[in-house]
Every structure is written in structure tokens, then in C-alpha cells.
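Colleague: This is start_26.txt (compact mmCIF, C-alpha atoms and all ligand atoms).
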# COMPACT_ATOMS: atom_id res chain seq x y z
CA MET A 1 39.63 -101.84 -93.45
CA LEU A 2 43.40 -102.10 -93.09
CA PRO A 3 44.77 -103.32 -89.80
CA ALA A 4 45.96 -100.34 -87.72
CA GLU A 5 49.65 -101.25 -87.95
CA THR A 6 49.70 -100.85 -91.73
CA ILE A 7 48.52 -97.23 -91.58
CA PRO A 8 51.59 -95.03 -91.84
CA LEU A 9 52.35 -92.71 -88.96
CA ARG A 10 51.75 -89.03 -89.51
CA ILE A 11 54.60 -87.08 -87.96
CA GLY A 12 55.02 -83.31 -87.78
CA VAL A 13 58.41 -81.69 -87.38
CA PHE A 14 58.29 -78.19 -85.92
CA GLY A 15 61.85 -76.93 -85.89
CA GLY A 16 63.15 -73.95 -84.02
CA THR A 17 65.73 -72.41 -81.78
CA PHE A 18 63.20 -72.31 -78.93
CA ASP A 19 65.22 -69.74 -76.99
CA PRO A 20 62.88 -69.96 -75.05
CA PRO A 21 59.84 -72.05 -76.17
CA HIS A 22 56.70 -69.97 -75.61
CA VAL A 23 52.92 -69.97 -75.85
CA GLY A 24 53.05 -69.16 -79.59
CA HIS A 25 55.04 -72.35 -80.26
CA LEU A 26 52.80 -74.48 -78.05
CA VAL A 27 49.49 -73.17 -79.38
CA THR A 28 50.81 -73.76 -82.90
CA ALA A 29 51.97 -77.27 -82.04
CA VAL A 30 48.72 -78.48 -80.50
CA ASN A 31 46.57 -76.91 -83.21
CA VAL A 32 48.62 -78.41 -86.04
CA ARG A 33 48.60 -81.78 -84.29
CA HIS A 34 44.82 -81.55 -84.07
CA ALA A 35 44.13 -80.17 -87.56
CA LEU A 36 46.29 -82.76 -89.32
CA ASP A 37 45.49 -85.59 -86.93
CA LEU A 38 49.17 -86.23 -86.31
CA ASP A 39 50.37 -89.22 -84.33
CA LEU A 40 53.37 -87.24 -83.18
CA LEU A 41 54.52 -83.66 -83.37
CA ILE A 42 58.22 -83.20 -82.69
CA LEU A 43 59.49 -79.82 -81.51
CA MET A 44 62.92 -80.21 -83.05
CA VAL A 45 65.55 -78.19 -81.23
CA ALA A 46 68.19 -76.78 -83.59
CA ASN A 47 71.76 -77.48 -82.54
CA VAL A 48 73.37 -74.57 -84.38
CA PRO A 49 70.67 -72.35 -85.96
CA TRP A 50 73.10 -71.23 -88.67
CA GLN A 51 70.80 -68.56 -90.09
CA LYS A 52 70.84 -66.77 -86.72
CA LEU A 53 74.61 -66.93 -86.19
CA GLY A 54 76.21 -63.54 -85.79
CA THR A 55 72.87 -61.84 -85.12
CA ARG A 56 72.86 -62.57 -81.38
CA SER A 57 74.18 -65.03 -78.82
CA ILE A 58 72.34 -68.33 -78.75
CA THR A 59 71.65 -70.17 -75.48
CA PRO A 60 73.44 -73.55 -75.32
CA ALA A 61 71.47 -76.30 -77.05
CA ALA A 62 71.27 -78.41 -73.88
CA ASP A 63 69.46 -75.60 -72.05
CA ARG A 64 67.06 -75.06 -74.96
CA LEU A 65 66.33 -78.79 -75.09
CA ALA A 66 65.68 -78.84 -71.32
CA MET A 67 63.15 -76.03 -71.76
CA VAL A 68 61.36 -77.74 -74.65
CA LYS A 69 61.23 -81.02 -72.73
CA ALA A 70 59.77 -79.16 -69.74
CA ALA A 71 57.20 -77.48 -72.00
CA VAL A 72 55.83 -80.65 -73.58
CA GLU A 73 56.40 -83.33 -70.95
CA SER A 74 52.74 -83.62 -70.03
CA VAL A 75 51.29 -82.95 -73.49
CA ASP A 76 49.88 -85.82 -75.49
CA ARG A 77 51.69 -86.58 -78.78
CA LEU A 78 54.10 -83.64 -78.47
CA ILE A 79 57.75 -84.48 -77.88
CA ALA A 80 61.06 -82.64 -77.80
CA GLY A 81 63.41 -83.76 -80.59
CA ASP A 82 67.12 -84.00 -79.85
CA HIS A 83 68.13 -85.43 -83.27
CA GLU A 84 69.85 -82.24 -84.41
CA ILE A 85 71.70 -81.87 -81.11
CA ARG A 86 72.88 -85.48 -81.26
CA SER A 87 74.07 -84.96 -84.85
CA GLY A 88 76.01 -81.83 -83.87
CA GLY A 89 77.11 -79.00 -86.14
CA ASN A 90 74.77 -76.83 -88.17
CA SER A 91 71.19 -78.04 -88.28
CA TYR A 92 69.53 -78.67 -91.62
CA THR A 93 65.91 -79.80 -91.86
CA ALA A 94 66.74 -81.93 -94.94
CA ASP A 95 69.09 -84.05 -92.80
CA THR A 96 66.60 -84.25 -89.96
CA LEU A 97 63.84 -85.47 -92.30
CA ALA A 98 66.20 -88.12 -93.71
CA ALA A 99 66.96 -89.32 -90.17
CA LEU A 100 63.25 -89.45 -89.30
CA ALA A 101 62.44 -91.34 -92.52
CA ALA A 102 64.98 -93.98 -91.45
CA GLU A 103 63.68 -94.06 -87.89
CA TYR A 104 59.99 -94.30 -88.89
CA PRO A 105 59.92 -96.13 -92.24
CA GLY A 106 56.86 -95.25 -94.31
CA ALA A 107 55.80 -92.35 -92.09
CA GLU A 108 54.21 -89.30 -93.68
CA LEU A 109 56.26 -86.29 -92.64
CA PHE A 110 55.06 -82.71 -92.27
CA THR A 111 57.41 -79.75 -91.83
CA VAL A 112 55.68 -77.06 -89.76
CA VAL A 113 56.71 -73.41 -89.98
CA GLY A 114 55.43 -69.97 -89.01
CA ASP A 115 54.91 -67.68 -91.99
CA ASP A 116 58.14 -65.74 -91.34
CA ALA A 117 60.11 -68.96 -91.64
CA ALA A 118 57.94 -70.07 -94.60
CA ALA A 119 58.88 -66.93 -96.51
CA GLY A 120 62.53 -67.93 -96.28
CA ILE A 121 62.11 -71.56 -97.31
CA ARG A 122 64.20 -71.17 -100.49
CA THR A 123 67.15 -70.00 -98.38
CA TRP A 124 67.21 -73.33 -96.52
CA ALA A 125 69.92 -75.82 -97.36
CA ARG A 126 68.58 -78.38 -99.87
CA ALA A 127 65.08 -76.90 -99.85
CA ASP A 128 64.03 -79.24 -102.67
CA GLU A 129 64.86 -82.25 -100.53
CA VAL A 130 62.72 -80.82 -97.70
CA LEU A 131 59.84 -80.54 -100.19
CA GLU A 132 60.36 -84.07 -101.47
CA ARG A 133 60.50 -85.61 -98.04
CA SER A 134 57.63 -83.70 -96.39
CA ARG A 135 54.52 -81.61 -96.89
CA LEU A 136 54.97 -78.02 -95.84
CA VAL A 137 52.58 -76.70 -93.22
CA VAL A 138 52.35 -72.98 -92.51
CA VAL A 139 50.68 -71.01 -89.73
CA ASP A 140 50.24 -67.24 -89.74
CA ARG A 141 52.01 -65.00 -87.27
CA PRO A 142 50.77 -61.49 -86.47
CA GLY A 143 51.71 -58.73 -88.90
CA GLU A 144 51.50 -58.18 -92.62
CA PRO A 145 50.59 -61.29 -94.61
CA VAL A 146 53.70 -62.94 -95.99
CA ARG A 147 54.08 -63.88 -99.67
CA LEU A 148 54.51 -67.62 -99.93
CA ASP A 149 56.16 -69.42 -102.84
CA PRO A 150 53.20 -70.21 -105.14
CA ASP A 151 54.97 -73.30 -106.53
CA ILE A 152 54.71 -75.04 -103.16
CA ASP A 153 51.55 -76.92 -102.22
CA TRP A 154 51.29 -75.44 -98.71
CA ILE A 155 48.93 -76.77 -96.08
CA ARG A 156 47.65 -73.78 -94.10
CA VAL A 157 46.51 -74.32 -90.55
CA GLU A 158 44.61 -71.59 -88.74
CA VAL A 159 45.88 -70.92 -85.22
CA PRO A 160 45.24 -68.00 -82.86
CA ARG A 161 47.76 -65.28 -83.81
CA LEU A 162 49.82 -64.61 -80.74
CA GLU A 163 52.16 -61.68 -80.85
CA VAL A 164 54.92 -63.38 -78.91
CA SER A 165 58.50 -64.09 -79.91
CA SER A 166 61.46 -65.54 -78.07
CA THR A 167 63.37 -62.31 -78.75
CA ASP A 168 60.68 -60.26 -76.98
CA LEU A 169 60.57 -62.72 -74.07
CA ARG A 170 64.33 -62.68 -73.54
CA GLY A 171 64.18 -58.90 -73.39
CA ARG A 172 61.32 -58.93 -70.89
CA TRP A 173 63.08 -61.37 -68.57
CA SER A 174 66.37 -59.52 -68.68
CA ASP A 175 64.60 -56.25 -67.71
CA GLY A 176 62.97 -58.01 -64.76
CA ARG A 177 59.49 -58.34 -66.28
CA PRO A 178 57.50 -61.56 -65.69
CA LEU A 179 57.08 -64.34 -68.23
CA ASP A 180 54.16 -66.03 -66.47
CA TYR A 181 51.58 -67.37 -68.98
CA LEU A 182 53.94 -66.58 -71.87
CA VAL A 183 55.96 -69.71 -71.10
CA THR A 184 54.78 -72.69 -69.04
CA GLU A 185 55.50 -72.82 -65.30
CA ASP A 186 57.90 -75.71 -65.88
CA VAL A 187 59.84 -73.69 -68.47
CA LEU A 188 60.05 -70.79 -66.00
CA VAL A 189 61.60 -73.16 -63.46
CA VAL A 190 64.29 -74.20 -65.97
CA ILE A 191 65.01 -70.54 -66.83
CA ALA A 192 65.35 -69.61 -63.16
CA ASP A 193 67.31 -72.71 -62.09
CA ARG A 194 69.80 -72.39 -64.93
CA GLY A 195 70.07 -68.62 -64.66
CA LEU A 196 69.20 -68.09 -68.34
CA TYR A 197 68.57 -64.65 -69.87
CA GLY A 198 70.07 -62.55 -67.08
CA VAL A 199 68.16 -61.02 -64.19
CA GLU A 200 65.32 -62.95 -62.58
CA ALA A 201 61.99 -61.10 -62.38
CA THR A 202 60.93 -60.03 -58.90
CA PRO A 203 57.41 -61.20 -58.01
P1 LIG B 1 63.25 -65.54 -82.21
O1 LIG B 1 62.58 -64.25 -81.80
O2 LIG B 1 64.47 -65.88 -81.40
O3 LIG B 1 63.44 -65.68 -83.71
P2 LIG B 1 60.81 -67.09 -82.37
O4 LIG B 1 59.76 -66.73 -81.36
O5 LIG B 1 60.62 -66.59 -83.77
O6 LIG B 1 62.22 -66.69 -81.79
P3 LIG B 1 61.89 -69.55 -83.33
O7 LIG B 1 62.56 -70.55 -82.47
O8 LIG B 1 62.70 -68.65 -84.19
O9 LIG B 1 60.95 -68.65 -82.36
O10 LIG B 1 60.77 -70.19 -84.22
C1 LIG B 1 60.54 -71.54 -84.44
C2 LIG B 1 59.31 -71.69 -85.30
O11 LIG B 1 58.16 -71.21 -84.57
C3 LIG B 1 59.34 -70.86 -86.61
O12 LIG B 1 58.72 -71.61 -87.64
C4 LIG B 1 58.49 -69.65 -86.24
O13 LIG B 1 57.86 -69.05 -87.38
C5 LIG B 1 57.45 -70.27 -85.32
N1 LIG B 1 56.89 -69.32 -84.37
C6 LIG B 1 57.55 -68.58 -83.47
N2 LIG B 1 56.71 -67.80 -82.76
C7 LIG B 1 55.47 -68.06 -83.22
C8 LIG B 1 54.16 -67.53 -82.90
N3 LIG B 1 53.99 -66.60 -81.98
N4 LIG B 1 53.12 -68.04 -83.59
C9 LIG B 1 53.30 -68.97 -84.57
N5 LIG B 1 54.50 -69.49 -84.91
C10 LIG B 1 55.58 -69.04 -84.25
MG MG B 2 62.23 -66.70 -85.18
Now that the file is in, can you turn its structure into C-alpha cells?
Ligand code: ATP
Ligand code: MG
Modeller:
Amino acid sequence: MLPAETIPLRIGVFGGTFDPPHVGHLVTAVNVRHALDLDLLILMVANVPWQKLGTRSITPAADRLAMVKAAVESVDRLIAGDHEIRSGGNSYTADTLAALAAEYPGAELFTVVGDDAAAGIRTWARADEVLERSRLVVVDRPGEPVRLDPDIDWIRVEVPRLEVSSTDLRGRWSDGRPLDYLVTEDVLVVIADRGLYGVEATP
């Protein structure tokens, strides 16, 4: 058997805007970590999610990073990634994977996406480089099944389908509805302390 240090690390990169991070993200993250026996799963916070620009206002990256850190602080092998924020500008997964390959030489990289994001993979900048540098992992979200590019050797991981999105949660919070159990208690503290998403829910 090979000594442990020669076995390459298995690292998942789960990118998103995380505005805010919610139970759907976290259930996906821990189930993918488990199913693929990852050493590390990085919730990579986009600096500028360029595909969302002009569709709505985006919470500052520092606030989104603080929420993701709060969400995963006590979770084994899940970490918040600030690579894209440190790089600045628009965030491209191809660049992030190149940075991770340099940081963790020899690591096996996995790019994790929900099926809505998977359907748009060919619209990503340098999609071919993403496919060369990582295996693509897809989880289903509720709704109609999405057609995935048949030329890609997807890894599918089954996770509970949770009908939750950040867009829905922002709307709930701004109307005064509670987010308990939809985000972690620590994320709720960050939202309240930083006054994100408008009105605070009354208990
Ligand atoms: P928004 O409504 O602002 O688009 P979102 O909930 O879709 O937010 P994103 O930050 O856009 O969250 O998504 C990051 C990644 O998480 C994407 O790959 C997306 O498909 C996935 N994802 C988001 N919500 C879920 C969910 N409920 N179950 C599984 N995957 C999810
Ligand atoms: Mg989304």
C-alpha cells in the first residue's frame, strides 16, 4: 500500500453567490463530500458573479463570505473559499481551478454544481478548461429534470431535493418572514448584525 502522503487529495469546489448560503447548499455540500470521499469541499464565494449582473443587486462579497464562513465553521472538511474575492474582478471557475491546482499540486479536483448551473456549463468562460482540470459533479434541484450535455462524463450525486433558493430566502426576510432552519443560526446572526436583506423578522 502507498504511504498516505502520496495519495492525492480529493478536493471539491462548490461555487456560488451564496446570497445567502442556505440548507440546500449545505445538504448538497455534505452529501457530495460523503459520496465522493472528499478530503475538502470548498464553498467558493464568487467575487463578481458576472452571469447575474444586471438581474439584481448583489450583496457585497465580504458579507457573503462572512455568511459562508459562519455556515461551515464547525463542519468537518467544509471550508469557505475566498480565492475569487482575493483575485478580484469577475469570477471564472477556470481561473479558480488553476489557482487550486497550484496550491494543491497533484490534487484531484471536482467542480460541484446544481442541475440549473450544470445546464449552463457551456456558457461558462473557458468551459473546456474547467472540464480538463476537474470532474463535473451534478446534483438535482427540484423541478423538471434538466438536459445535461451528453458529451460530459458527469458524476451524479443523489441529495435530498430541497426547494430552497437564495432568491426566495431574500424575499422572505425582506417581508419579515423567518429564515430559521433554512439558514444556520450563525448565518442568521450575520444577516441580522450586518442588516442584510432589509427588514428583520419579528419573532
Ligand atoms: P439564487 O436564487 O440567488 O440564484 P441559489 O439558491 O440558486 O441562489 P447560488 O449561489 O446561485 O444559489 O448557487 C450556487 C450553487 O448551488 C449552484 O450550483 C446551484 O445550482 C446550487 N444550489 C442552489 N440551491 C440549491 C438547492 N436547493 N439544492 C441543490 N443545489 C443548490
Ligand atoms: Mg442560483
Colleague: A:Ala119, A:Ala192, A:Leu109, A:Ile85: which is nearest ligand MG 2 (chain B), counting all atoms listed in the file?
Modeller: A:Ala119
Colleague: Neighbouring residues of ligand MG 2 (chain B) are defined here as those with any atom at most 9 Å from a ligand atom, counting only C-alpha atoms and all ligand atoms; list them as a list in words.
Modeller: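 Checking only C-alpha atoms and all ligand atoms against ligand MG 2 (chain B) at 9 Å gives Gly16, Thr17, Phe18, Lys52, Gly114, Asp116, Ala117, Ser165, Ser166 and Thr167 of chain A.
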Colleague: Counting only C-alpha atoms, which residues of range 28-84 of chain A fall within 12 Å of range 97-106 of chain A, and what is the closest atom pair for each with its distance in Å at one decimal, ordered by chain and rising number, as a tab-separated table?
Modeller:
residue	atom	partner	partner_atom	distance
A:Asp39	CA	A:Tyr104	CA	11.8
A:Leu40	CA	A:Tyr104	CA	11.2
A:Ile42	CA	A:Leu100	CA	10.4
A:Met44	CA	A:Leu97	CA	10.7
A:Gly81	CA	A:Leu100	CA	10.4
A:Asp82	CA	A:Leu100	CA	11.6
A:His83	CA	A:Ala99	CA	8.0
A:Glu84	CA	A:Ala99	CA	9.6
Colleague: Give me the chain A side of the contact with ligand LIG 1 (chain B), cut-off 8 Å, one line per residue showing its nearest atom pair and distance in Å at one decimal, counting only C-alpha atoms and all ligand atoms, sorted by chain and residue number, as a Markdown table.
Modeller:
| residue | atom | partner | partner_atom | distance |
| --- | --- | --- | --- | --- |
| A:Phe14 | CA | B:LIG1 | C2 | 6.6 |
| A:Gly15 | CA | B:LIG1 | C1 | 5.7 |
| A:Gly16 | CA | B:LIG1 | C1 | 3.6 |
| A:Thr17 | CA | B:LIG1 | O7 | 3.7 |
| A:Phe18 | CA | B:LIG1 | O7 | 4.0 |
| A:Asp19 | CA | B:LIG1 | O2 | 5.9 |
| A:Pro20 | CA | B:LIG1 | O7 | 7.5 |
| A:Pro21 | CA | B:LIG1 | O7 | 7.0 |
| A:His22 | CA | B:LIG1 | O4 | 7.3 |
| A:Val23 | CA | B:LIG1 | N3 | 7.1 |
| A:Gly24 | CA | B:LIG1 | N3 | 3.6 |
| A:His25 | CA | B:LIG1 | C10 | 5.2 |
| A:Val27 | CA | B:LIG1 | N4 | 7.6 |
| A:Thr28 | CA | B:LIG1 | C9 | 5.7 |
| A:Val112 | CA | B:LIG1 | O12 | 6.6 |
| A:Val113 | CA | B:LIG1 | O12 | 3.6 |
| A:Gly114 | CA | B:LIG1 | O13 | 3.1 |
| A:Asp115 | CA | B:LIG1 | O13 | 5.6 |
| A:Asp116 | CA | B:LIG1 | O13 | 5.2 |
| A:Ala117 | CA | B:LIG1 | O13 | 4.8 |
| A:Ala118 | CA | B:LIG1 | O12 | 7.2 |
| A:Val139 | CA | B:LIG1 | C9 | 6.1 |
| A:Asp140 | CA | B:LIG1 | C9 | 6.3 |
| A:Arg141 | CA | B:LIG1 | N4 | 4.9 |
| A:Pro142 | CA | B:LIG1 | N3 | 7.5 |
| A:Val159 | CA | B:LIG1 | C9 | 7.7 |
| A:Pro160 | CA | B:LIG1 | N4 | 7.9 |
| A:Arg161 | CA | B:LIG1 | N4 | 6.0 |
| A:Leu162 | CA | B:LIG1 | N3 | 4.8 |
| A:Glu163 | CA | B:LIG1 | N3 | 5.4 |
| A:Val164 | CA | B:LIG1 | N3 | 4.5 |
| A:Ser165 | CA | B:LIG1 | O4 | 3.3 |
| A:Ser166 | CA | B:LIG1 | O4 | 3.9 |
| A:Thr167 | CA | B:LIG1 | O1 | 3.7 |
| A:Asp168 | CA | B:LIG1 | O1 | 6.5 |
Colleague: Taking only C-alpha atoms into account, which of A:Tyr92, A:Phe110, A:Trp154, A:Trp50 comes nearest Arg126 in chain A?
Modeller: A:Tyr92
Colleague: Can you fill out range 24-35 of chain A with all heavy atoms and hand it back as a PDB file, in the coordinates of the input?
Modeller:
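Heads up, here's the output in part13.pdb:
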ATOM      1  N   GLY A  24      53.286 -69.160 -78.133  1.00  0.00           N
ATOM      2  CA  GLY A  24      53.050 -69.160 -79.590  1.00  0.00           C
ATOM      3  C   GLY A  24      53.464 -70.492 -80.199  1.00  0.00           C
ATOM      4  O   GLY A  24      52.757 -71.050 -81.058  1.00  0.00           O
ATOM      5  N   HIS A  25      54.599 -71.030 -79.759  1.00  0.00           N
ATOM      6  CA  HIS A  25      55.040 -72.350 -80.260  1.00  0.00           C
ATOM      7  C   HIS A  25      54.041 -73.438 -79.845  1.00  0.00           C
ATOM      8  O   HIS A  25      53.696 -74.323 -80.634  1.00  0.00           O
ATOM      9  CB  HIS A  25      56.407 -72.721 -79.681  1.00  0.00           C
ATOM     10  CG  HIS A  25      57.529 -71.798 -80.069  1.00  0.00           C
ATOM     11  ND1 HIS A  25      58.390 -71.241 -79.147  1.00  0.00           N
ATOM     12  CD2 HIS A  25      57.931 -71.334 -81.276  1.00  0.00           C
ATOM     13  CE1 HIS A  25      59.284 -70.486 -79.774  1.00  0.00           C
ATOM     14  NE2 HIS A  25      59.031 -70.515 -81.060  1.00  0.00           N
ATOM     15  N   LEU A  26      53.622 -73.379 -78.580  1.00  0.00           N
ATOM     16  CA  LEU A  26      52.800 -74.480 -78.050  1.00  0.00           C
ATOM     17  C   LEU A  26      51.392 -74.459 -78.635  1.00  0.00           C
ATOM     18  O   LEU A  26      50.834 -75.511 -78.971  1.00  0.00           O
ATOM     19  CB  LEU A  26      52.776 -74.423 -76.518  1.00  0.00           C
ATOM     20  CG  LEU A  26      54.158 -74.664 -75.897  1.00  0.00           C
ATOM     21  CD1 LEU A  26      54.131 -74.373 -74.398  1.00  0.00           C
ATOM     22  CD2 LEU A  26      54.622 -76.099 -76.150  1.00  0.00           C
ATOM     23  N   VAL A  27      50.827 -73.269 -78.787  1.00  0.00           N
ATOM     24  CA  VAL A  27      49.490 -73.170 -79.380  1.00  0.00           C
ATOM     25  C   VAL A  27      49.551 -73.637 -80.846  1.00  0.00           C
ATOM     26  O   VAL A  27      48.656 -74.341 -81.332  1.00  0.00           O
ATOM     27  CB  VAL A  27      48.949 -71.729 -79.235  1.00  0.00           C
ATOM     28  CG1 VAL A  27      47.755 -71.484 -80.131  1.00  0.00           C
ATOM     29  CG2 VAL A  27      48.577 -71.469 -77.776  1.00  0.00           C
ATOM     30  N   THR A  28      50.618 -73.280 -81.525  1.00  0.00           N
ATOM     31  CA  THR A  28      50.810 -73.760 -82.900  1.00  0.00           C
ATOM     32  C   THR A  28      50.901 -75.285 -82.915  1.00  0.00           C
ATOM     33  O   THR A  28      50.221 -75.960 -83.701  1.00  0.00           O
ATOM     34  CB  THR A  28      52.097 -73.155 -83.500  1.00  0.00           C
ATOM     35  OG1 THR A  28      51.913 -71.748 -83.579  1.00  0.00           O
ATOM     36  CG2 THR A  28      52.409 -73.722 -84.875  1.00  0.00           C
ATOM     37  N   ALA A  29      51.723 -75.817 -82.036  1.00  0.00           N
ATOM     38  CA  ALA A  29      51.970 -77.270 -82.040  1.00  0.00           C
ATOM     39  C   ALA A  29      50.683 -78.054 -81.795  1.00  0.00           C
ATOM     40  O   ALA A  29      50.369 -78.995 -82.535  1.00  0.00           O
ATOM     41  CB  ALA A  29      53.020 -77.611 -80.986  1.00  0.00           C
ATOM     42  N   VAL A  30      49.916 -77.672 -80.798  1.00  0.00           N
ATOM     43  CA  VAL A  30      48.720 -78.480 -80.500  1.00  0.00           C
ATOM     44  C   VAL A  30      47.651 -78.292 -81.568  1.00  0.00           C
ATOM     45  O   VAL A  30      46.908 -79.234 -81.882  1.00  0.00           O
ATOM     46  CB  VAL A  30      48.126 -78.217 -79.090  1.00  0.00           C
ATOM     47  CG1 VAL A  30      49.082 -78.664 -78.010  1.00  0.00           C
ATOM     48  CG2 VAL A  30      47.727 -76.780 -78.901  1.00  0.00           C
ATOM     49  N   ASN A  31      47.582 -77.111 -82.162  1.00  0.00           N
ATOM     50  CA  ASN A  31      46.570 -76.910 -83.210  1.00  0.00           C
ATOM     51  C   ASN A  31      46.935 -77.629 -84.498  1.00  0.00           C
ATOM     52  O   ASN A  31      46.052 -78.166 -85.180  1.00  0.00           O
ATOM     53  CB  ASN A  31      46.331 -75.414 -83.456  1.00  0.00           C
ATOM     54  CG  ASN A  31      45.401 -74.837 -82.403  1.00  0.00           C
ATOM     55  OD1 ASN A  31      44.190 -75.023 -82.483  1.00  0.00           O
ATOM     56  ND2 ASN A  31      45.962 -74.200 -81.382  1.00  0.00           N
ATOM     57  N   VAL A  32      48.199 -77.673 -84.835  1.00  0.00           N
ATOM     58  CA  VAL A  32      48.620 -78.410 -86.040  1.00  0.00           C
ATOM     59  C   VAL A  32      48.432 -79.913 -85.788  1.00  0.00           C
ATOM     60  O   VAL A  32      47.929 -80.632 -86.656  1.00  0.00           O
ATOM     61  CB  VAL A  32      50.078 -78.075 -86.414  1.00  0.00           C
ATOM     62  CG1 VAL A  32      50.591 -79.021 -87.485  1.00  0.00           C
ATOM     63  CG2 VAL A  32      50.175 -76.624 -86.880  1.00  0.00           C
ATOM     64  N   ARG A  33      48.804 -80.357 -84.619  1.00  0.00           N
ATOM     65  CA  ARG A  33      48.600 -81.780 -84.290  1.00  0.00           C
ATOM     66  C   ARG A  33      47.127 -82.145 -84.472  1.00  0.00           C
ATOM     67  O   ARG A  33      46.793 -83.171 -85.065  1.00  0.00           O
ATOM     68  CB  ARG A  33      49.041 -82.031 -82.836  1.00  0.00           C
ATOM     69  CG  ARG A  33      48.917 -83.478 -82.390  1.00  0.00           C
ATOM     70  CD  ARG A  33      48.872 -83.597 -80.874  1.00  0.00           C
ATOM     71  NE  ARG A  33      47.693 -82.916 -80.360  1.00  0.00           N
ATOM     72  CZ  ARG A  33      47.478 -82.633 -79.076  1.00  0.00           C
ATOM     73  NH1 ARG A  33      48.365 -82.963 -78.161  1.00  0.00           N
ATOM     74  NH2 ARG A  33      46.373 -82.019 -78.704  1.00  0.00           N
ATOM     75  N   HIS A  34      46.258 -81.278 -83.977  1.00  0.00           N
ATOM     76  CA  HIS A  34      44.820 -81.550 -84.070  1.00  0.00           C
ATOM     77  C   HIS A  34      44.330 -81.471 -85.521  1.00  0.00           C
ATOM     78  O   HIS A  34      43.652 -82.383 -86.006  1.00  0.00           O
ATOM     79  CB  HIS A  34      44.063 -80.539 -83.200  1.00  0.00           C
ATOM     80  CG  HIS A  34      42.579 -80.632 -83.346  1.00  0.00           C
ATOM     81  ND1 HIS A  34      41.840 -81.576 -82.689  1.00  0.00           N
ATOM     82  CD2 HIS A  34      41.713 -79.942 -84.129  1.00  0.00           C
ATOM     83  CE1 HIS A  34      40.568 -81.453 -83.042  1.00  0.00           C
ATOM     84  NE2 HIS A  34      40.462 -80.470 -83.914  1.00  0.00           N
ATOM     85  N   ALA A  35      44.678 -80.395 -86.208  1.00  0.00           N
ATOM     86  CA  ALA A  35      44.130 -80.170 -87.560  1.00  0.00           C
ATOM     87  C   ALA A  35      44.560 -81.268 -88.525  1.00  0.00           C
ATOM     88  O   ALA A  35      43.790 -81.653 -89.405  1.00  0.00           O
ATOM     89  CB  ALA A  35      44.587 -78.808 -88.082  1.00  0.00           C
TER      90      ALA A  35
END
